[in-house]
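This report concerns only the one structure given below.
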Number of protein chains: 2
Amino acid sequence: MKKIINAVDDILAQSLAGFGAAHADLVKVSLDPKMVLRADAPVAGKVALISGGGSGHEPLHAGFVGKGMLDAACPGEVFTSPTPDQMAAAANATHGGAGVLFIVKNYSGDVMNFEMAAEIIDMETASVLTNDDVAVESSLHSQGRRGVAGTVLVEKIVGAAADRGADLAACKQLGDEVNATCGSMAVALTSCTVPAAGSPTFQIGDGEMELGVGIHGEPGRERVALMQADAIAENLVAAICQSIEPHRGEPVLVLVNGMGGTPLMELYLLYNAAAAQVRDRGLVIARSLVGNYCTSLEMAGASITLCRMDDERLALWDAPVHTAGLRWGV
Amino acid sequence: MKKIINAVDDILAQSLAGFGAAHADLVKVSLDPKMVLRADAPVAGKVALISGGGSGHEPLHAGFVGKGMLDAACPGEVFTSPTPDQMAAAANATHGGAGVLFIVKNYSGDVMNFEMAAEIIDMETASVLTNDDVAVESSLHSQGRRGVAGTVLVEKIVGAAADRGADLAACKQLGDEVNATCGSMAVALTSCTVPAAGSPTFQIGDGEMELGVGIHGEPGRERVALMQADAIAENLVAAICQSIEPHRGEPVLVLVNGMGGTPLMELYLLYNAAAAQVRDRGLVIARSLVGNYCTSLEMAGASITLCRMDDERLALWDAPVHTAGLRWGV
């Protein structure tokens, strides 16, 4: 295992400390319990948006804390759920009197711990469960579909709505709707290595790729021969469209997301291939995003996400955001 | 070789097409000759800033085309200089009547071709040669030090000055001064693989790293045993400070740059270690930047850059920028 670290046990705390130091204008970082809070939290009268999950998917979620997105992120150890006390502390620190919305990727540990957190805090809470990964119906760590890169879109769109004064019920409804009309699927060319394990999560041959891989290296639909980018795009876009069923002429957002170890040059090439597939289906690419947003440590690979858009969602997507991972309008 | 591509010969054109489609609000992409131009070029009365070089370092340079940074980028094939006709076409397309400044990383092919371009075009030109890599005095592809991630800082700071109306001589002088007070050094944990070669550029053992590696995988100072992050930071910051000699109490910008295959979690951890080293030397971290800015395809590794700052440079750094790779204030 080759990583730029000091000791395996220190990775999360030292990385969070670095994140906090690099973005002191945006966030306050607590190391006990571990949480990343908006620097200006609590924002009075605003629904507090809190997400979290295992680390190793950066910039998700800490990189999306700030004006127009999350109020707090609760990072667990690599690929390990954070604990209810982290979530409760984040809720107490960011609650502005309008309730707390948990945005939770659908993995059993995360779901259980966010539910426990909701029980031990006093304020009103609701949850949006993201499960945008169309690859498989259940997986190693999830009952039902997995939450992956579509979570970024939910956090951005609901974040903008909360910023504009939407109440807790409206934020939850919007988040559920965006999640339901958003689909993702990934391919892996190499495995990631979890630091505490010290060796690759899975073995994969030189000529192979995992079609539909999860963001923890979980198996996808099948192990196949390495495809060309055009064929990857065709497979992923077809699977996503079969799930979210966009109408001809409908505006969509296209996200091409790197898993951590794939050069930007390849991501733009894959975007080019994906855009052709999307246009061939009569869809209108209204917005796009290309880069590393929901990663799997150093895994080589990429995911495609499509989200059905409308005027309201486009306005919320375009609304100002100021986080480490997404920034515009400020 | 595992890459998300169609065919080796198509990589650059298809990646550029994807870049242009994803950022149509920012840039115009030409495929013959290959160049990325500001969407609103030419900007009348402004010095046109043009950079370029081999591809594989994305987001450098195309990702820095837009308001407040470059007017054009000329991409060569992977790790191969662009040609003079590309540079001349970019100059003709972006020249706004105030001259053209070439920002050139110090590699023999790039230097020669930008010089030839300056000879075949009619307008007034000047060049800033970046050579911020303090690792080695000469290298495989360079006479004198190599230009690496500090180039991003030169492009941002001079870009802001040009935006404010600085003339060609002032832009050149500022670029030369920033370059001279800016130092970088990198480590590689793995090699990159140039698509046309098909196999890793260099071999490196499981317990080894290359200290002072170049952005094309060129040898650095020495092959050493893999160090902990704190020791990497200590080595790089010491080498940089020995070169740029910052004064105690002086404000500096700290850039921790990923080489392409290193997770953000490790880059923030390295930033944490680098910041401690910088503070221990009595320097003031006035600005910071952590992420993938000047990469080497999928190489695992990172570089640290320090740039001595003053009030003028801080104001230019903070000035609005709207590119694919850096964006704030708009």
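Order determines the names: the first chain of the structure tokens is A, the second B, and so forth; residues in each chain are numbered 1 upward, and ligands are numbered 1 upward as they are shown.
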
Pull the closest atom pair for each residue of segment 201-296 of chain B that gets at most 12 Å from segment 90-107 of chain B, along with the distance in Å to one decimal, counting only C-alpha atoms, ordering rows by chain and then ascending residue number, as JSON lines.
{"residue": "B:Gly214", "atom": "CA", "partner": "B:Tyr107", "partner_atom": "CA", "distance": 11.1}
{"residue": "B:Ile215", "atom": "CA", "partner": "B:Tyr107", "partner_atom": "CA", "distance": 11.0}
{"residue": "B:His216", "atom": "CA", "partner": "B:Tyr107", "partner_atom": "CA", "distance": 10.7}
{"residue": "B:Glu218", "atom": "CA", "partner": "B:Tyr107", "partner_atom": "CA", "distance": 11.8}
{"residue": "B:Cys294", "atom": "CA", "partner": "B:Lys105", "partner_atom": "CA", "distance": 11.6}

Could you save those same residues with N, CA and C atoms as a PDB file, in the first residue's frame?
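Output file result10.pdb is given in full below:
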ATOM      1  N   GLY B 214       9.607  14.881 -11.933  1.00  0.00           N
ATOM      2  CA  GLY B 214       9.043  15.856 -12.862  1.00  0.00           C
ATOM      3  C   GLY B 214       7.633  15.470 -13.274  1.00  0.00           C
ATOM      4  N   ILE B 215       6.942  16.403 -13.915  1.00  0.00           N
ATOM      5  CA  ILE B 215       5.541  16.148 -14.259  1.00  0.00           C
ATOM      6  C   ILE B 215       5.381  15.261 -15.493  1.00  0.00           C
ATOM      7  N   HIS B 216       6.481  14.792 -16.065  1.00  0.00           N
ATOM      8  CA  HIS B 216       6.402  13.775 -17.109  1.00  0.00           C
ATOM      9  C   HIS B 216       7.008  12.467 -16.611  1.00  0.00           C
ATOM     10  N   GLU B 218       9.938  12.413 -15.183  1.00  0.00           N
ATOM     11  CA  GLU B 218      11.395  12.519 -15.234  1.00  0.00           C
ATOM     12  C   GLU B 218      11.993  12.293 -13.843  1.00  0.00           C
ATOM     13  N   CYS B 294      -2.010  20.670 -11.595  1.00  0.00           N
ATOM     14  CA  CYS B 294      -0.976  20.414 -12.611  1.00  0.00           C
ATOM     15  C   CYS B 294      -0.585  18.952 -12.441  1.00  0.00           C
TER      16      CYS B 294
END

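Here is the contact set of chain B against chain A, at 6 Å and counting only C-alpha atoms: Ile4, Ile5, Asn6, Gln14, Ser15, Gly18, Phe19, Ala22, Gln228, Ala229, Gly260, Gly261, Pro263, Met265, Glu266, Tyr268, Leu269, Tyr271, Asn272, Ser288, Leu297, Glu298, Gly329 and Val330 of chain B.
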
Given the selection you just returned, output its residues as a file containing N, CA, C and O atoms, formatted as a short mmCIF file (atom, residue, chain, number, x, y, z; two decimals), in the first residue's frame.
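Result saved to out-v7.cif:
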data_model
loop_
_atom_site.label_atom_id
_atom_site.label_comp_id
_atom_site.auth_asym_id
_atom_site.auth_seq_id
_atom_site.Cartn_x
_atom_site.Cartn_y
_atom_site.Cartn_z
N ILE B 4 -9.82 5.02 -19.90
CA ILE B 4 -11.15 5.21 -20.47
C ILE B 4 -10.99 6.02 -21.75
O ILE B 4 -11.02 7.25 -21.75
N ILE B 5 -10.77 5.30 -22.86
CA ILE B 5 -10.53 5.93 -24.15
C ILE B 5 -11.18 5.09 -25.24
O ILE B 5 -11.67 3.99 -24.97
N ASN B 6 -11.20 5.61 -26.46
CA ASN B 6 -11.59 4.80 -27.59
C ASN B 6 -10.34 4.25 -28.27
O ASN B 6 -10.05 3.08 -28.18
N GLN B 14 -10.95 13.95 -28.79
CA GLN B 14 -12.22 13.63 -28.12
C GLN B 14 -12.31 14.26 -26.73
O GLN B 14 -13.38 14.66 -26.29
N SER B 15 -11.18 14.33 -26.07
CA SER B 15 -11.18 14.97 -24.75
C SER B 15 -11.43 16.47 -24.89
O SER B 15 -12.21 17.06 -24.12
N GLY B 18 -15.04 17.07 -25.59
CA GLY B 18 -15.82 16.98 -24.36
C GLY B 18 -15.64 18.20 -23.48
O GLY B 18 -16.61 18.72 -22.90
N PHE B 19 -14.42 18.70 -23.42
CA PHE B 19 -14.15 19.90 -22.63
C PHE B 19 -14.95 21.08 -23.19
O PHE B 19 -15.57 21.84 -22.45
N ALA B 22 -18.67 20.65 -22.42
CA ALA B 22 -18.99 20.83 -21.00
C ALA B 22 -18.86 22.29 -20.56
O ALA B 22 -19.47 22.70 -19.58
N GLN B 228 6.88 9.01 5.37
CA GLN B 228 5.61 9.47 5.92
C GLN B 228 5.34 10.89 5.42
O GLN B 228 6.25 11.62 5.01
N ALA B 229 4.07 11.29 5.51
CA ALA B 229 3.66 12.59 4.99
C ALA B 229 4.44 13.73 5.66
O ALA B 229 4.83 14.70 4.99
N GLY B 260 -2.59 13.45 -9.93
CA GLY B 260 -3.65 12.86 -10.74
C GLY B 260 -4.28 11.63 -10.10
O GLY B 260 -5.48 11.42 -10.21
N GLY B 261 -3.48 10.80 -9.43
CA GLY B 261 -3.99 9.55 -8.89
C GLY B 261 -4.04 9.51 -7.37
O GLY B 261 -4.23 8.44 -6.79
N PRO B 263 -5.79 10.49 -3.82
CA PRO B 263 -7.08 10.96 -3.27
C PRO B 263 -6.94 12.30 -2.55
O PRO B 263 -5.91 12.61 -1.95
N MET B 265 -8.22 13.12 0.14
CA MET B 265 -7.99 12.90 1.57
C MET B 265 -6.50 12.97 1.90
O MET B 265 -6.09 13.54 2.91
N GLU B 266 -5.68 12.39 1.03
CA GLU B 266 -4.23 12.43 1.24
C GLU B 266 -3.67 13.82 0.97
O GLU B 266 -2.72 14.26 1.63
N TYR B 268 -5.18 16.69 1.50
CA TYR B 268 -5.45 17.54 2.67
C TYR B 268 -4.55 17.14 3.84
O TYR B 268 -4.11 17.99 4.62
N LEU B 269 -4.27 15.85 3.98
CA LEU B 269 -3.36 15.41 5.04
C LEU B 269 -1.96 16.00 4.79
O LEU B 269 -1.30 16.49 5.71
N TYR B 271 -1.37 18.70 3.11
CA TYR B 271 -1.47 20.15 3.37
C TYR B 271 -1.28 20.43 4.86
O TYR B 271 -0.59 21.39 5.25
N ASN B 272 -1.91 19.60 5.68
CA ASN B 272 -1.77 19.77 7.13
C ASN B 272 -0.30 19.70 7.55
O ASN B 272 0.18 20.53 8.34
N SER B 288 -4.29 29.51 0.38
CA SER B 288 -3.95 28.11 0.14
C SER B 288 -4.83 27.54 -0.95
O SER B 288 -5.90 28.08 -1.25
N LEU B 297 -1.05 12.76 -15.69
CA LEU B 297 -1.96 11.65 -15.98
C LEU B 297 -2.42 11.02 -14.67
O LEU B 297 -2.92 11.73 -13.80
N GLU B 298 -2.24 9.71 -14.50
CA GLU B 298 -2.74 9.03 -13.30
C GLU B 298 -1.68 8.79 -12.24
O GLU B 298 -1.86 7.98 -11.33
N GLY B 329 -15.69 34.64 -7.24
CA GLY B 329 -16.05 36.04 -7.45
C GLY B 329 -17.04 36.24 -8.59
O GLY B 329 -17.46 37.37 -8.84
N VAL B 330 -17.40 35.17 -9.27
CA VAL B 330 -18.40 35.25 -10.35
C VAL B 330 -19.27 34.01 -10.31
O VAL B 330 -18.82 32.95 -9.91
#

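Relative to atom CA of Cys307 of chain A, atom CA of Leu253 of chain A is found at 5.1 Å.
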
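For the atom pair formed by atom CA of Glu155 of chain B and atom CA of Lys28 of chain B, the distance is 19.0 Å, given to one decimal.
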
Checklist entry - If you run DSSP on this backbone, which residues of segment 82-213 of chain A come out as alpha helix (DSSP H), and could you give them as a ChimeraX atom specification? => result /A:84-94,108-120,150-163,168-180

Can those selected residues be exported to a file as a tab-separated table (two decimals), in the first residue's frame so that it contains C-alpha atoms?
chain	number	residue	atom	x	y	z
A	84	PRO	CA	-25.03	8.78	16.05
A	85	ASP	CA	-23.22	11.05	18.52
A	86	GLN	CA	-21.45	12.80	15.62
A	87	MET	CA	-24.75	13.38	13.87
A	88	ALA	CA	-26.46	14.57	17.05
A	89	ALA	CA	-23.62	16.99	17.80
A	90	ALA	CA	-23.77	18.32	14.24
A	91	ALA	CA	-27.52	18.80	14.55
A	92	ASN	CA	-27.15	20.65	17.82
A	93	ALA	CA	-24.41	22.87	16.38
A	94	THR	CA	-26.22	23.80	13.17
A	108	SER	CA	-27.24	-0.08	6.20
A	109	GLY	CA	-24.79	1.37	8.71
A	110	ASP	CA	-25.45	4.98	7.72
A	111	VAL	CA	-29.23	4.48	7.70
A	112	MET	CA	-29.23	2.88	11.15
A	113	ASN	CA	-26.97	5.50	12.71
A	114	PHE	CA	-28.83	8.49	11.27
A	115	GLU	CA	-32.07	6.95	12.56
A	116	MET	CA	-30.56	6.59	16.03
A	117	ALA	CA	-29.35	10.19	15.90
A	118	ALA	CA	-32.85	11.39	15.03
A	119	GLU	CA	-34.13	9.60	18.13
A	120	ILE	CA	-31.66	11.14	20.56
A	150	GLY	CA	-26.47	11.66	-7.37
A	151	THR	CA	-26.19	12.61	-3.71
A	152	VAL	CA	-24.14	15.64	-4.79
A	153	LEU	CA	-27.06	16.87	-6.89
A	154	VAL	CA	-29.52	16.33	-4.04
A	155	GLU	CA	-27.26	18.28	-1.69
A	156	LYS	CA	-26.89	21.17	-4.16
A	157	ILE	CA	-30.52	21.47	-5.18
A	158	VAL	CA	-31.99	21.03	-1.70
A	159	GLY	CA	-29.24	23.25	-0.30
A	160	ALA	CA	-30.34	26.08	-2.57
A	161	ALA	CA	-33.98	25.56	-1.61
A	162	ALA	CA	-33.14	25.67	2.09
A	163	ASP	CA	-31.13	28.82	1.46
A	168	LEU	CA	-38.38	21.10	6.36
A	169	ALA	CA	-41.25	19.30	4.63
A	170	ALA	CA	-40.57	21.08	1.35
A	171	CYS	CA	-36.84	20.30	1.54
A	172	LYS	CA	-37.53	16.64	2.22
A	173	GLN	CA	-40.03	16.42	-0.62
A	174	LEU	CA	-37.68	18.10	-3.07
A	175	GLY	CA	-34.81	15.84	-2.04
A	176	ASP	CA	-36.92	12.72	-2.45
A	177	GLU	CA	-38.09	13.90	-5.86
A	178	VAL	CA	-34.62	14.75	-7.13
A	179	ASN	CA	-33.31	11.40	-5.91
A	180	ALA	CA	-36.16	9.55	-7.62

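Note that the spacing between atom CA of Glu77 of chain A and atom CA of Ser199 of chain A amounts to 16.7 Å.
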
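Residues within 10 Å of His247 of chain A, counting only C-alpha atoms and excluding same-chain residues fewer than 2 positions away, are A:Cys241, A:Ile244, A:Glu245, A:Gly249, A:Glu250, A:Pro251, A:Val252, A:Arg281, A:Gly282, A:Leu283, A:Val284, A:Arg308.
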